[in-house]
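*Asks:* This is the structure, below, for whatever I ask next.
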Amino acid sequence: MQTVPEKGANSHQFLDYIQESNIFKKFFDHAPVMMGIVDLEQNEIRHIVDNQTSADFFGVPLKDLPGKRSAELGVPNDRRKFWITQYRISEATSRPVKFEYYHNNKHLSATVNYIGKTEFGNSRFSYIVTDISELKVSQNDLETKVNQRTNELEKQMAQLEAVLESVSDGILVYDNNNQVVLINEAEARICGYSSPEEMKKDLSYFQTIFQICTLDGKILDPALWPVSRIMKGESLKDVQLKAKRIDTGQEWVFSFSGQPVYDSQGHQILSVCISKDITKEARTQNKLLYSEARYRHLFINNPMPMYVYNTTNKRIIDVNESALRFYRYSKEELLGLSVFDISIDGDNKQIKKDGEIAVVEIHERDLLIDGEESKLVLVNDVTHREEVERSLNETVDQLEEALKNVSDYKFALDQASILATTDANGVITYVNDKFCEISQYSRDELIGKNHRVVNSGYHSKEFFRNFWDTIKNGKVWKGEICNKAKDGSIYWVDTVIVPFLDAYGRPYQYVAVRNDVTDRKAYEKALENAVNTRDEFLSIASHELKTPLTSLKLHTQLAIRHQDKPGRISKFLEQTDKQVHRLSVLIDDMLDISRIASGKLSIQKSGVDLVHLLHSVLSRVGNVLRQSGCEIKLTLPESCFGIWDHFRIEQVVTNLLTNAAKYGAGKPVEIDLKVEGEFAVLSIKDYGIGIRFEDRERIFQRFERAISASEVSGLGLGLYISCQIIKMHGGSITVESEPGKGSTFIVCLPL
Ligand code: ADP
């Protein structure tokens, strides 16, 4: 095995190494392209040596290929002739010949090269064939794409050029290097060049040719030229300036617009400037300004000194009255002077006829008078400006003070009241924090809406009609309004609406100042309810008292009439006794009520057996129950002792049993007593009319009834008094009930 020559070996040693190690043969044999040597014998190609890729192509084993002719390898005649031609060309030119051809849908590239003559006089050639199908496909794709893009670009460029040329505005585009890259005919024409090509220069060139100044003649530094500003990233719109060509003296008025163009990374790559020649318009405008009677009038009567001078010879050609007063010359004298006679120190100072000097600010405008360039000058005397400024500052201070006062008042009002303003149509334009707080709406939800947002529906249409009639007629409206907050809750506001009137006396805004009176309203409502309840009670009480009194009167009269019949008298007396009893119960109840109200109801405790107490009550009212048809069922322990007020507990039990008789619909009444822990629990159950759920708490309050007086008579006091008595004992009284099925009153008394 040949060893690789060391570093520093000579070229012969390398050649020997290459030959002996067969490097070329290995490369040849395994190359992925078809390679070989052929001889041309008359009109035939004979293969001498080929590599494996060629053998694969011809479809014969490598060892069989040497000596084979193309015809034997199945190469068609026309192809063979084509190849022979290529070999001959190489032989004739002694240069390699490269050509492409198609075989079996493959795009092949071949190179043939003449080597020399063989010992038999034949010509010998090398050939190499590469498959470039894939390369060609991607190359074609690429070409198609490039062509498409080129076409599109060409089209766009043509369109752009057509557009650029068709616009009358001048278009000038600079690149990053201040170089003009695009310019249209109009721009060249405006700037006084014969073709755009002449203007393809950089910015420094234009700086030597052009002078640009503001409309009132101030020369601009090139750094402030529109193009320089656009190059620094500014966008401009309709900046009016004057331009002058230094070389030709030509002058224009331009309107400049333009903007920078950025690439996808945000770098500015171009600056586009669009200029419009407005010289004519500017002249016409100025001429108009001067000649139009209205402006002439303004000129003559202007309180500021004004004059006009000819730009070329600087002669004053027109003056106004104020100028005559200011300069103290007569008109004739002033018209004979030039601007230099009245100006010193540039334009900053003006000298009057008597030598007095005034510090001024000069404002100039171009005019064209009878074809002559002129300037209209306005003189602003600033000699006494400091004084004026001081007095102005004082006024401003006073105004600010006044404004502060106003805002202080507003602040105070804001803190105290609910404020809102609306426009003439009632659309809300302002609300303060208090308004938002009480209405629960945010400012955004209110501004732009009208007050219907908070309308509770409480007031009638008539109410609001009257309200609007008042304020629309410029009058102040006062009243109380019931509003609805966002969560549906109701609030009352005491309201004053003040219309603000314009010069014609028509309201242009309404200011509403409101105060929350919800609590007062609730108190008033409670008071009203209390009065109503009292009135109702009085009417029921008088009825309740009258009924037994009428009956008493009747039975007493009957007794007197039948004095001689003792049997009948005793019946009448029995009735009389009943009515007296009923009256005394009523009066007792009313007395108890006033005792409770004044805190004078007292409890006298002593040892009481509740079982015994129940029996004693039943002995008195058992009859009443039985007369109502109620059967009494008792479930009692032997005894149940506690320390209670015997009389008052008796009163409670009597009341509950009387109610069971009144509302028990003649059905059985069950009395149940047991001891539960520390308590004696007494329940009185009936199967009568029952009590609706919503009335269950209310019936324990004063004068409250769950049934009308026409159905069952009563004052609505018994349960209230019972409840107070039980509470005074540290116990409780509750009711369980279902309408139509009966009620169970449960009394718990601590043992
Ligand atoms: P009064 O019976 O004089 O109306 P009360 O204070 O004793 O006054 O009772 C208040 C109200 O409670 C009654 O008007 C009635 O509507 C209701 N009530 C009391 N007891 C019963 C009962 N056992 N069944 C149904 N309703 C009752």
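How things are named: the first chain in the structure tokens is A, the next is B, and so on; residues count from 1 in each chain; ligands count from 1 in the order shown.
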How close does each residue of chain A get to ligand 1, giving the shortest atom pair and distance in Å to one decimal for every residue with an atom at most 7 Å away, counting only C-alpha atoms and all ligand atoms, sorted by chain and residue number, as JSON lines?
*Replies:*
```
{"residue": "A:Asn655", "atom": "CA", "partner": "ligand 1", "partner_atom_place_in_ligand_line": "7 (O)", "distance": 6.5}
{"residue": "A:Leu656", "atom": "CA", "partner": "ligand 1", "partner_atom_place_in_ligand_line": "20 (N)", "distance": 6.8}
{"residue": "A:Asn659", "atom": "CA", "partner": "ligand 1", "partner_atom_place_in_ligand_line": "20 (N)", "distance": 4.7}
{"residue": "A:Ala660", "atom": "CA", "partner": "ligand 1", "partner_atom_place_in_ligand_line": "23 (N)", "distance": 4.4}
{"residue": "A:Tyr663", "atom": "CA", "partner": "ligand 1", "partner_atom_place_in_ligand_line": "24 (N)", "distance": 4.6}
{"residue": "A:Gly664", "atom": "CA", "partner": "ligand 1", "partner_atom_place_in_ligand_line": "23 (N)", "distance": 6.1}
{"residue": "A:Asp686", "atom": "CA", "partner": "ligand 1", "partner_atom_place_in_ligand_line": "23 (N)", "distance": 6.4}
{"residue": "A:Gly688", "atom": "CA", "partner": "ligand 1", "partner_atom_place_in_ligand_line": "24 (N)", "distance": 6.1}
{"residue": "A:Ile689", "atom": "CA", "partner": "ligand 1", "partner_atom_place_in_ligand_line": "25 (C)", "distance": 5.5}
{"residue": "A:Gly690", "atom": "CA", "partner": "ligand 1", "partner_atom_place_in_ligand_line": "25 (C)", "distance": 4.4}
{"residue": "A:Ile691", "atom": "CA", "partner": "ligand 1", "partner_atom_place_in_ligand_line": "25 (C)", "distance": 5.2}
{"residue": "A:Ile699", "atom": "CA", "partner": "ligand 1", "partner_atom_place_in_ligand_line": "12 (O)", "distance": 4.8}
{"residue": "A:Phe700", "atom": "CA", "partner": "ligand 1", "partner_atom_place_in_ligand_line": "6 (O)", "distance": 6.4}
{"residue": "A:Glu704", "atom": "CA", "partner": "ligand 1", "partner_atom_place_in_ligand_line": "10 (C)", "distance": 5.9}
{"residue": "A:Arg705", "atom": "CA", "partner": "ligand 1", "partner_atom_place_in_ligand_line": "14 (O)", "distance": 3.6}
{"residue": "A:Ala706", "atom": "CA", "partner": "ligand 1", "partner_atom_place_in_ligand_line": "16 (O)", "distance": 3.4}
{"residue": "A:Ile707", "atom": "CA", "partner": "ligand 1", "partner_atom_place_in_ligand_line": "16 (O)", "distance": 4.3}
{"residue": "A:Ser713", "atom": "CA", "partner": "ligand 1", "partner_atom_place_in_ligand_line": "3 (O)", "distance": 6.6}
{"residue": "A:Gly714", "atom": "CA", "partner": "ligand 1", "partner_atom_place_in_ligand_line": "3 (O)", "distance": 3.2}
{"residue": "A:Leu715", "atom": "CA", "partner": "ligand 1", "partner_atom_place_in_ligand_line": "3 (O)", "distance": 4.1}
{"residue": "A:Gly716", "atom": "CA", "partner": "ligand 1", "partner_atom_place_in_ligand_line": "8 (O)", "distance": 3.2}
{"residue": "A:Leu717", "atom": "CA", "partner": "ligand 1", "partner_atom_place_in_ligand_line": "6 (O)", "distance": 4.1}
{"residue": "A:Gly718", "atom": "CA", "partner": "ligand 1", "partner_atom_place_in_ligand_line": "6 (O)", "distance": 3.7}
{"residue": "A:Leu719", "atom": "CA", "partner": "ligand 1", "partner_atom_place_in_ligand_line": "6 (O)", "distance": 3.6}
{"residue": "A:Tyr720", "atom": "CA", "partner": "ligand 1", "partner_atom_place_in_ligand_line": "6 (O)", "distance": 5.5}
{"residue": "A:Gly742", "atom": "CA", "partner": "ligand 1", "partner_atom_place_in_ligand_line": "24 (N)", "distance": 6.4}
{"residue": "A:Ser743", "atom": "CA", "partner": "ligand 1", "partner_atom_place_in_ligand_line": "24 (N)", "distance": 5.4}
```
*Asks:* Tell me which protein, DNA and RNA residues are within 6 Å of range 377-383 of chain A, counting only C-alpha atoms, leaving out same-chain ones fewer than 2 positions away, and put them as a PDB file with all heavy atoms, in the first residue's frame.
*Replies:*
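File result-v4.pdb, as written:
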```pdb
ATOM      1  N   PRO A 305     -50.581 101.226  11.456  1.00  0.00           N
ATOM      2  CA  PRO A 305     -49.948 101.924  10.340  1.00  0.00           C
ATOM      3  C   PRO A 305     -49.612 100.938   9.220  1.00  0.00           C
ATOM      4  O   PRO A 305     -49.059  99.870   9.502  1.00  0.00           O
ATOM      5  CB  PRO A 305     -48.659 102.493  10.947  1.00  0.00           C
ATOM      6  CG  PRO A 305     -48.845 102.413  12.425  1.00  0.00           C
ATOM      7  CD  PRO A 305     -49.784 101.303  12.688  1.00  0.00           C
ATOM      8  N   MET A 306     -50.008 101.274   7.977  1.00  0.00           N
ATOM      9  CA  MET A 306     -49.732 100.400   6.839  1.00  0.00           C
ATOM     10  C   MET A 306     -49.278 101.239   5.667  1.00  0.00           C
ATOM     11  O   MET A 306     -49.762 102.351   5.480  1.00  0.00           O
ATOM     12  CB  MET A 306     -50.999  99.633   6.424  1.00  0.00           C
ATOM     13  CG  MET A 306     -51.424  98.580   7.415  1.00  0.00           C
ATOM     14  SD  MET A 306     -53.035  97.933   6.971  1.00  0.00           S
ATOM     15  CE  MET A 306     -52.577  96.471   6.132  1.00  0.00           C
ATOM     16  N   TYR A 307     -48.341 100.700   4.890  1.00  0.00           N
ATOM     17  CA  TYR A 307     -47.981 101.380   3.639  1.00  0.00           C
ATOM     18  C   TYR A 307     -47.582 100.345   2.609  1.00  0.00           C
ATOM     19  O   TYR A 307     -47.367  99.173   2.933  1.00  0.00           O
ATOM     20  CB  TYR A 307     -46.882 102.425   3.857  1.00  0.00           C
ATOM     21  CG  TYR A 307     -45.566 101.888   4.381  1.00  0.00           C
ATOM     22  CD1 TYR A 307     -44.572 101.439   3.506  1.00  0.00           C
ATOM     23  CD2 TYR A 307     -45.310 101.866   5.749  1.00  0.00           C
ATOM     24  CE1 TYR A 307     -43.364 100.960   3.994  1.00  0.00           C
ATOM     25  CE2 TYR A 307     -44.112 101.390   6.238  1.00  0.00           C
ATOM     26  CZ  TYR A 307     -43.135 100.930   5.356  1.00  0.00           C
ATOM     27  OH  TYR A 307     -41.955 100.440   5.838  1.00  0.00           O
ATOM     28  N   VAL A 308     -47.513 100.811   1.329  1.00  0.00           N
ATOM     29  CA  VAL A 308     -47.135  99.927   0.221  1.00  0.00           C
ATOM     30  C   VAL A 308     -45.930 100.554  -0.467  1.00  0.00           C
ATOM     31  O   VAL A 308     -45.890 101.774  -0.649  1.00  0.00           O
ATOM     32  CB  VAL A 308     -48.283  99.788  -0.793  1.00  0.00           C
ATOM     33  CG1 VAL A 308     -47.896  98.848  -1.923  1.00  0.00           C
ATOM     34  CG2 VAL A 308     -49.549  99.309  -0.107  1.00  0.00           C
ATOM     35  N   ALA A 358     -39.254 104.598  16.978  1.00  0.00           N
ATOM     36  CA  ALA A 358     -40.195 103.618  17.540  1.00  0.00           C
ATOM     37  C   ALA A 358     -39.662 102.213  17.279  1.00  0.00           C
ATOM     38  O   ALA A 358     -39.118 101.940  16.206  1.00  0.00           O
ATOM     39  CB  ALA A 358     -41.556 103.777  16.883  1.00  0.00           C
ATOM     40  N   VAL A 359     -39.794 101.364  18.328  1.00  0.00           N
ATOM     41  CA  VAL A 359     -39.428  99.954  18.125  1.00  0.00           C
ATOM     42  C   VAL A 359     -40.642  99.267  17.507  1.00  0.00           C
ATOM     43  O   VAL A 359     -41.764  99.425  18.006  1.00  0.00           O
ATOM     44  CB  VAL A 359     -39.069  99.285  19.468  1.00  0.00           C
ATOM     45  CG1 VAL A 359     -38.606  97.847  19.246  1.00  0.00           C
ATOM     46  CG2 VAL A 359     -38.000 100.086  20.188  1.00  0.00           C
ATOM     47  N   VAL A 360     -40.430  98.551  16.386  1.00  0.00           N
ATOM     48  CA  VAL A 360     -41.597  97.978  15.679  1.00  0.00           C
ATOM     49  C   VAL A 360     -41.359  96.530  15.287  1.00  0.00           C
ATOM     50  O   VAL A 360     -40.233  96.051  15.296  1.00  0.00           O
ATOM     51  CB  VAL A 360     -41.906  98.781  14.378  1.00  0.00           C
ATOM     52  CG1 VAL A 360     -42.324 100.194  14.677  1.00  0.00           C
ATOM     53  CG2 VAL A 360     -40.727  98.731  13.443  1.00  0.00           C
ATOM     54  N   GLU A 361     -42.467  95.904  14.936  1.00  0.00           N
ATOM     55  CA  GLU A 361     -42.408  94.595  14.256  1.00  0.00           C
ATOM     56  C   GLU A 361     -43.009  94.829  12.889  1.00  0.00           C
ATOM     57  O   GLU A 361     -44.089  95.423  12.793  1.00  0.00           O
ATOM     58  CB  GLU A 361     -43.286  93.582  14.999  1.00  0.00           C
ATOM     59  CG  GLU A 361     -42.564  92.826  16.054  1.00  0.00           C
ATOM     60  CD  GLU A 361     -43.512  91.878  16.792  1.00  0.00           C
ATOM     61  OE1 GLU A 361     -44.706  91.786  16.378  1.00  0.00           O
ATOM     62  OE2 GLU A 361     -43.062  91.288  17.755  1.00  0.00           O
ATOM     63  N   ILE A 362     -42.311  94.381  11.845  1.00  0.00           N
ATOM     64  CA  ILE A 362     -42.788  94.638  10.483  1.00  0.00           C
ATOM     65  C   ILE A 362     -43.325  93.332   9.896  1.00  0.00           C
ATOM     66  O   ILE A 362     -42.678  92.288  10.011  1.00  0.00           O
ATOM     67  CB  ILE A 362     -41.606  95.152   9.608  1.00  0.00           C
ATOM     68  CG1 ILE A 362     -41.121  96.496  10.116  1.00  0.00           C
ATOM     69  CG2 ILE A 362     -41.971  95.189   8.135  1.00  0.00           C
ATOM     70  CD1 ILE A 362     -41.987  97.675   9.750  1.00  0.00           C
ATOM     71  N   HIS A 363     -44.500  93.394   9.288  1.00  0.00           N
ATOM     72  CA  HIS A 363     -45.049  92.233   8.573  1.00  0.00           C
ATOM     73  C   HIS A 363     -45.240  92.630   7.122  1.00  0.00           C
ATOM     74  O   HIS A 363     -45.841  93.669   6.848  1.00  0.00           O
ATOM     75  CB  HIS A 363     -46.396  91.820   9.167  1.00  0.00           C
ATOM     76  CG  HIS A 363     -46.278  91.499  10.617  1.00  0.00           C
ATOM     77  ND1 HIS A 363     -45.919  90.259  11.079  1.00  0.00           N
ATOM     78  CD2 HIS A 363     -46.431  92.281  11.714  1.00  0.00           C
ATOM     79  CE1 HIS A 363     -45.866  90.286  12.401  1.00  0.00           C
ATOM     80  NE2 HIS A 363     -46.173  91.505  12.810  1.00  0.00           N
ATOM     81  N   GLU A 364     -44.701  91.836   6.210  1.00  0.00           N
ATOM     82  CA  GLU A 364     -44.775  92.202   4.781  1.00  0.00           C
ATOM     83  C   GLU A 364     -45.518  91.132   3.990  1.00  0.00           C
ATOM     84  O   GLU A 364     -45.453  89.950   4.321  1.00  0.00           O
ATOM     85  CB  GLU A 364     -43.363  92.329   4.198  1.00  0.00           C
ATOM     86  CG  GLU A 364     -42.597  93.506   4.744  1.00  0.00           C
ATOM     87  CD  GLU A 364     -41.291  93.731   3.990  1.00  0.00           C
ATOM     88  OE1 GLU A 364     -40.820  92.795   3.304  1.00  0.00           O
ATOM     89  OE2 GLU A 364     -40.774  94.845   4.064  1.00  0.00           O
ATOM     90  N   ARG A 385     -44.920  98.019  24.434  1.00  0.00           N
ATOM     91  CA  ARG A 385     -45.481  96.683  24.651  1.00  0.00           C
ATOM     92  C   ARG A 385     -45.384  96.246  26.110  1.00  0.00           C
ATOM     93  O   ARG A 385     -46.313  95.676  26.668  1.00  0.00           O
ATOM     94  CB  ARG A 385     -44.771  95.674  23.759  1.00  0.00           C
ATOM     95  CG  ARG A 385     -45.374  94.290  23.863  1.00  0.00           C
ATOM     96  CD  ARG A 385     -44.555  93.289  23.150  1.00  0.00           C
ATOM     97  NE  ARG A 385     -45.054  93.071  21.802  1.00  0.00           N
ATOM     98  CZ  ARG A 385     -44.414  92.288  20.931  1.00  0.00           C
ATOM     99  NH1 ARG A 385     -43.281  91.737  21.243  1.00  0.00           N
ATOM    100  NH2 ARG A 385     -44.929  92.105  19.748  1.00  0.00           N
TER     101      ARG A 385
END
```
*Asks:* Assign secondary structure with DSSP using the backbone only, and return the residues of range 329-372 of chain A in alpha helix (DSSP H) as a PyMOL selection string.
*Replies:* chain A and resi 331-335+339-342
*Asks:* Got a sec to tell me which of range 298-475 of chain A DSSP assigns to strand (DSSP E or B), as a PyMOL selection string?
*Replies:* chain A and resi 306-310+315-319+338+343-344+349-351+357-369+372-381+418-423+427-431+450+455
